[in-house]
Amino acid sequence: MMPRFPVFAVFFLSIIFGWGTADAQQKPSRPQPSQCQAIAQSLPKATFASFSGPAATPASDTVNDDVKITFLGHATLFIETPGGVSIATDFSGAYPPPYTPEVVTMNKAHPSHYTLTPDPAIKYVLHGWNDTPGEPAKIHLTVGDTLIRNVVTDIRTWGGGVEPNGNSIFIFEVAGLCIGHLGHLHFELTDQQYAEIGRLDVVMVPVDGGLTMGADSMSRVVKRLRSSLILPMHRWGPPVDQFLALFGPDFDVGYAPTSSVTVSLKTLPRKPLIYVLKGI
């Protein structure tokens with residue numbers, strides 16, 4: 001028979017050992033801590049070692065901490081983590097990854113960013129919107145070695161209005177890296193949203209020139225985020241060079257020979273690098 005404890009003792013033990021339901025732990029009033037938010041607050045101008053290109057690997061005799069990111073098409077990139085977690089961003093099914101991902105994220109601004117009939121074999125299908133209009137999606141999920149969370153933003157509607165919380169910036173915290181996908185970002189971020197995002201070492205940025213935001217507005221977001229590695233995506237219409245021209249000598253520009261890049265905390269560029277993957 002299980003021993004019986006006084007109510008105050010159970011309460012005390014629940015604080016120490018974290019007893020309680022998952023729902024209680026996920027309440028927005030007491031969110032789980034984010035490494036990327038905490039580091040951004042304590043080390044706002046931290047930089048790391050030089051980046052050595054898409055074939056970068058850690059030194060021998062060290063634990064593999066490489067994250068591979070592959071551009072599949074439009075806003076869909078495929079993330080493969082050291083622990084074997086696979087994630088497809090803004091997944092519509094039009095740009096299938098090489099194998100069934102464990103996780104897909106979606107945004108609903110356009111049908112090319114989501115599907116309501118994903119492969120049932122996908123274990124986690126994460127919508128960047130809430131089915132209750134105006135309510136924010138709340139995602140804080142650990143899958144294997146990866147913490148996945150979101151920061152919501154508003155989107156424009158087809159009728160010219162504004163839909164609150166229609167887009168999610170998805171953030172993937174893995175192997176010490178903070179990786180962000182801006183989704184279908186329609187408006188420049190607020191101070192509160194920057195604070196919720198925290199540090200982003202790697203950021204995937206739409207460069208369509210206006211379907212999301214104009215290139216000038218998007219470049220201001222990129223500069224404010226101060227990410228080490230910037231991966232353009234969602235190019236539709238204007239050449240990517242128009243976006244690149246908005247960045248001065250504080251940013252390096254590189255063109256990948258393939259559609260993939262492999263990065264780790266050790267191989268992040270000291271100077272911000274806009275890295276154009278093949279196929280953009």
# chains A, B, ... in the order shown; residues from 1 in each chain; ligands from 1
$ residues_around --residues "Asn165 in chain A" --least-positions-apart "5" --cutoff "10 Å" --atoms "only C-alpha atoms" --output "count of residues only"
13
$ select_by_dssp --residues "range 45-182 of chain A" --states "strand (DSSP E)" --output "VMD selection string"
chain A and resid 67 to 73 76 to 80 86 to 88 103 to 106 124 to 127 140 to 143 146 to 156 162 to 174 177 to 181
$ atom_distance --atom1 "CA of His127 in chain A" --atom2 "CA of Tyr275 in chain A"
27.5 Å
$ closest_residue --among "A:Pro96, A:Pro82, A:Pro164, A:Pro269" --to "Thr70 in chain A" --atoms "only C-alpha atoms"
A:Pro96
$ atom_distance --atom1 "CA of Leu200 in chain A" --atom2 "CA of Glu173 in chain A"
9.3 Å
$ residues_around --residues "Ser259 in chain A" --least-positions-apart "6" --cutoff "12 Å" --atoms "only C-alpha atoms" --output "list of chain:residue names"
A:Pro54, A:Ala55, A:Lys68, A:Ile69, A:Thr70, A:Phe71, A:Leu72, A:Gly73, A:Thr76, A:Leu77, A:Phe78, A:Leu231, A:Pro232, A:Met233, A:Tyr275, A:Val276, A:Leu277, A:Lys278, A:Gly279, A:Ile280
